[in-house]
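A.B. asks: Coordinates in coords.tsv, TSV, C-alpha atoms, are listed below.
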chain	number	residue	atom	x	y	z
A	146	CYS	CA	-18.10	10.98	38.76
A	147	CYS	CA	-15.34	9.53	40.87
A	148	GLU	CA	-15.12	6.27	42.79
A	149	ILE	CA	-13.81	6.31	46.34
A	150	SER	CA	-11.70	3.17	46.07
A	151	ASN	CA	-9.37	1.91	43.36
A	152	ILE	CA	-11.10	-0.47	41.00
A	153	CYS	CA	-9.03	-2.99	39.07
A	154	PRO	CA	-10.64	-5.56	36.76
A	155	ASP	CA	-10.01	-9.14	37.96
A	156	ASN	CA	-8.13	-10.06	34.79
A	157	LEU	CA	-5.61	-7.24	35.47
A	158	ILE	CA	-4.70	-8.30	39.04
A	159	ASN	CA	-1.26	-9.84	39.36
A	160	PRO	CA	-1.88	-13.19	41.11
A	161	GLY	CA	1.57	-13.11	42.75
A	162	THR	CA	1.25	-9.70	44.38
A	163	GLY	CA	-2.51	-9.13	44.39
A	164	GLU	CA	-1.88	-5.69	42.90
A	165	CYS	CA	-3.16	-4.25	39.67
A	166	VAL	CA	-0.83	-4.40	36.65
A	167	PRO	CA	1.22	-1.21	36.22
A	168	TYR	CA	-0.30	-0.20	32.86
A	169	PHE	CA	-3.76	0.13	34.44
A	170	ILE	CA	-3.47	3.75	35.51
A	171	PHE	CA	-5.67	4.90	38.34
A	172	GLY	CA	-7.03	8.42	38.29
A	173	HIS	CA	-4.72	9.78	41.02
A	174	GLY	CA	-7.53	9.64	43.58
A	175	GLY	CA	-9.91	11.52	41.31
A	176	LYS	CA	-7.68	14.62	41.11
A	177	TYR	CA	-6.99	14.37	37.34
A	178	ALA	CA	-9.44	11.68	36.23
A	179	SER	CA	-11.97	9.31	37.65
A	180	ALA	CA	-10.52	7.59	40.73
A	181	GLY	CA	-11.19	4.24	39.03
A	182	GLY	CA	-8.81	5.12	36.22
A	183	ILE	CA	-9.06	4.38	32.55
A	184	ILE	CA	-9.92	0.87	31.47
A	185	PRO	CA	-7.43	-0.03	28.71
A	186	ARG	CA	-9.72	-1.74	26.21
A	187	ILE	CA	-11.27	-0.79	22.90
A	188	PHE	CA	-15.06	-0.36	23.09
A	189	SER	CA	-15.54	-0.30	19.31
A	190	GLU	CA	-13.54	0.07	16.11
A	191	PHE	CA	-14.13	0.15	12.37
A	192	ASP	CA	-12.15	0.42	9.15
A	193	THR	CA	-12.23	3.49	6.93
A	194	PRO	CA	-11.64	3.81	3.18
A	195	GLY	CA	-8.50	5.87	3.79
A	196	GLU	CA	-6.21	7.37	6.39
A	197	VAL	CA	-8.02	9.32	9.13
A	198	LYS	CA	-6.88	12.95	9.59
A	199	ALA	CA	-9.68	14.15	11.87
A	200	VAL	CA	-12.33	12.64	14.10
A	201	PHE	CA	-15.39	14.23	15.71
A	202	SER	CA	-18.30	12.70	17.62
A	203	HIS	CA	-21.86	13.91	18.06
A	204	GLU	CA	-24.13	11.73	20.21
A	205	ASN	CA	-23.62	8.23	18.75
A	206	ILE	CA	-22.36	9.49	15.35
A	207	ILE	CA	-18.63	9.38	14.63
A	208	PHE	CA	-17.30	11.58	11.81
A	209	ALA	CA	-13.93	10.54	10.34
A	210	GLY	CA	-12.22	13.08	8.07
A	211	LEU	CA	-10.11	11.21	5.56
A	212	ASN	CA	-6.88	11.96	3.71
A	213	TYR	CA	-6.13	11.61	-0.03
A	214	SER	CA	-9.46	13.06	-1.24
A	215	ASN	CA	-11.53	10.33	0.45
A	216	GLY	CA	-13.94	12.80	2.07
A	217	CYS	CA	-15.72	12.10	5.32
A	218	LEU	CA	-17.20	8.91	6.76
A	219	MET	CA	-20.16	9.22	9.13
A	220	THR	CA	-20.76	6.12	11.28
A	221	ILE	CA	-23.47	5.37	13.83
A	222	ILE	CA	-22.33	3.25	16.77
A	223	ASP	CA	-24.76	1.33	18.97
A	224	ASP	CA	-24.56	2.75	22.51
A	225	ASP	CA	-24.98	-0.63	24.18
A	226	ASN	CA	-22.47	-2.88	22.43
A	227	GLY	CA	-20.39	-0.65	20.14
A	228	SER	CA	-21.54	-2.34	16.94
A	229	ILE	CA	-21.76	-0.33	13.73
A	230	THR	CA	-25.40	0.25	12.79
A	231	SER	CA	-24.94	2.45	9.70
A	232	THR	CA	-22.32	4.31	7.64
A	233	ASN	CA	-22.55	7.16	5.15
A	234	SER	CA	-19.76	8.66	3.04
A	235	PHE	CA	-19.86	12.26	1.84
A	236	ALA	CA	-17.50	15.03	0.67
A	237	GLN	CA	-15.72	12.62	-1.68
A	238	GLY	CA	-12.97	14.34	-3.62
A	239	TYR	CA	-11.84	16.37	-0.61
A	240	THR	CA	-9.21	15.80	2.07
A	241	ILE	CA	-10.72	16.67	5.45
A	242	ASN	CA	-8.39	18.23	8.03
A	243	ASP	CA	-10.94	19.00	10.74
A	244	ILE	CA	-14.64	18.55	11.55
A	245	HIS	CA	-16.98	20.39	13.89
A	246	LYS	CA	-20.72	20.50	14.55
A	247	ASP	CA	-22.49	23.34	16.24
A	248	PRO	CA	-24.12	21.93	19.41
A	249	ASN	CA	-27.00	24.44	19.06
A	250	SER	CA	-27.91	23.71	15.44
A	251	GLN	CA	-27.44	21.10	12.75
A	252	VAL	CA	-24.53	22.83	10.96
A	253	VAL	CA	-21.49	20.64	10.29
A	254	ALA	CA	-18.30	22.26	8.94
A	255	LEU	CA	-15.34	20.49	7.36
A	256	ALA	CA	-11.91	22.11	6.94
A	257	ALA	CA	-10.82	20.96	3.48
A	258	GLY	CA	-7.34	22.43	3.00
A	259	HIS	CA	-6.96	24.38	-0.27
A	260	ASP	CA	-10.68	23.85	-0.92
A	261	GLY	CA	-11.66	25.99	2.09
A	262	VAL	CA	-14.59	24.99	4.30
A	263	LEU	CA	-17.48	22.74	3.35
A	264	ILE	CA	-20.79	23.39	5.13
A	265	TYR	CA	-23.43	20.68	5.64
A	266	HIS	CA	-26.79	20.33	7.37
A	267	LEU	CA	-27.25	17.25	9.57
A	268	ASN	CA	-30.79	15.95	10.04
A	269	GLY	CA	-30.70	12.69	11.99
A	270	PHE	CA	-28.35	10.62	9.85
A	271	ASP	CA	-29.06	12.53	6.62
A	272	ILE	CA	-26.44	15.06	5.62
A	273	THR	CA	-27.04	17.74	2.99
A	274	PHE	CA	-24.42	19.96	1.34
A	275	LEU	CA	-25.15	23.66	1.93
A	276	GLY	CA	-22.12	25.31	0.37
A	277	LYS	CA	-18.40	25.99	0.26
A	278	ILE	CA	-16.53	28.93	1.79
A	279	HIS	CA	-13.31	29.90	0.02
A	280	THR	CA	-10.47	30.57	2.47
A	281	SER	CA	-6.71	30.19	2.61
A	282	TYR	CA	-5.59	26.61	3.31
A	283	ALA	CA	-8.08	25.48	6.02
A	284	ASN	CA	-6.46	23.48	8.82
A	285	ALA	CA	-9.10	23.73	11.55
A	286	VAL	CA	-12.74	24.74	11.92
A	287	LYS	CA	-15.21	25.48	14.73
A	288	VAL	CA	-18.89	26.41	14.50
A	289	ALA	CA	-20.79	28.53	17.03
A	290	ASN	CA	-24.39	29.33	16.08
A	291	ASN	CA	-24.04	31.10	12.72
A	292	ILE	CA	-20.33	31.93	13.04
A	293	ILE	CA	-17.60	29.78	11.45
A	294	PHE	CA	-14.06	30.09	12.82
A	295	VAL	CA	-11.42	28.81	10.40
A	296	GLY	CA	-7.77	28.27	11.29
A	297	THR	CA	-5.89	28.84	8.04
A	298	GLU	CA	-2.30	29.01	6.89
A	299	ASP	CA	-2.66	32.80	7.08
A	300	GLY	CA	-4.40	33.16	10.44
A	301	VAL	CA	-8.00	32.95	11.63
A	302	ASP	CA	-10.99	33.74	9.43
A	303	ILE	CA	-14.30	34.54	11.16
A	304	ILE	CA	-17.26	34.11	8.85
A	305	GLN	CA	-20.93	34.75	9.54
A	306	ILE	CA	-23.37	32.46	7.73
A	307	GLU	CA	-27.14	32.54	7.37
A	308	PRO	CA	-28.86	30.56	10.12
A	309	THR	CA	-30.17	27.20	8.91
A	310	PRO	CA	-33.82	26.28	9.44
I need this file expressed as C-alpha cells, please.

C.D. replies:
Amino acid sequence: CCEISNICPDNLINPGTGECVPYFIFGHGGKYASAGGIIPRIFSEFDTPGEVKAVFSHENIIFAGLNYSNGCLMTIIDDDNGSITSTNSFAQGYTINDIHKDPNSQVVALAAGHDGVLIYHLNGFDITFLGKIHTSYANAVKVANNIIFVGTEDGVDIIQIEPTP
C-alpha cells in the first residue's frame, strides 16, 4: 500500500529548488496515508441535472442524490480512463439526502427527507423500485443484509425488510 520514498510528479517539482510544490501533500511516511501522498488531479467528472446532496459509489457505479426533487443519477465510469459509459436517472420527484447499498445484496436505499426511505433493487445497471418506508424526516440511511438503519429528525429507526431474491 505504501511507497518507501516520496514520489512527486515531474510537473510538480519546483525547478529552482528541486523540491515538490507545497500543495502536493505526502502521506507523512505512510503513517496517515500512502507515503506517496495524494495526487491533486481530477480523474473524472460529470454534470448532474441538479445540486448534489449525497454521493455513493459501488464498483464503477456512482450514485448522486440530487436536491430540489431531482431524484438520483446513476452513472457508470470506465475504470481505465474515467469516461462516462452510461447514465440512468431514477427517483424523480424526490430530494435524496443519502444513499447506501448493501454490500451483501442488491438492495439500494435512498433517504428522501419527508418522504421517508425509498428501496430499490440493483441488477447490473438496472434499478427497480421495491417500495417506500414511511419514517420521520430521513437524513441518512445504511443497509445491512435485510436491516435498514435510518437517521431521522427524531432519532434512529431500525427496520427489517424481506430479503430480496

A.B. asks: Report, in Å with one decimal, the straight-line distance from atom CA of A:Pro248 to atom CA of A:Ser189.

C.D. replies: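 According to the coordinates, atom CA of A:Pro248 and atom CA of A:Ser189 are separated by 23.8 Å.
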
A.B. asks: So how many Å separate atom CA of A:Leu218 and atom CA of A:Phe235, to one decimal?

C.D. replies: 6.5 Å

A.B. asks: Show which residues sit within 8 Å of A:Tyr239, as a PyMOL selection string. Count all atoms listed in the file, and ignore same-chain residues fewer than 5 positions away.

C.D. replies: chain A and resi 212-216+257+260

A.B. asks: Record the distance separating atom CA of A:Asp223 and atom CA of A:Ser202, expressed in Å with one decimal.

C.D. replies: 13.1 Å

A.B. asks: Please determine, counting all atoms listed in the file, which residue among A:Cys165, A:Ile244, A:Val200, A:Met219 has the shortest atom-to-atom distance to A:Ile272.

C.D. replies: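 Under the stated criterion, the closest residue is A:Met219.
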
A.B. asks: Find the residue from A:Glu298, A:Asp271, A:Glu204, A:Asp155 that sits nearest to A:Ser234; use all atoms listed in the file when measuring.

C.D. replies: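 Of the candidates, the smallest distance to A:Ser234 is held by A:Asp271.
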
A.B. asks: Here's a test: counting all atoms listed in the file, identify every protein, DNA and RNA residue with an atom at most 12 Å from (-20.9, 19.2, 14.0) in the file's coordinate frame, and state them as a PyMOL selection string.

C.D. replies: chain A and resi 200-204+206-209+219+243-256+263-269+272+286-290+293

A.B. asks: Which of these residues is nearest to A:Glu196, using only C-alpha atoms: A:Ala236, A:Leu275, A:Ile229, A:Ile241?

C.D. replies: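 Distance minimum relative to A:Glu196 lands on A:Ile241.
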
A.B. asks: For A:Ile306, which of A:Gly261, A:Lys198, A:Tyr282, A:Gly276 is the closest residue, counting all atoms listed in the file?

C.D. replies: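 The closest residue to A:Ile306 is A:Gly276.
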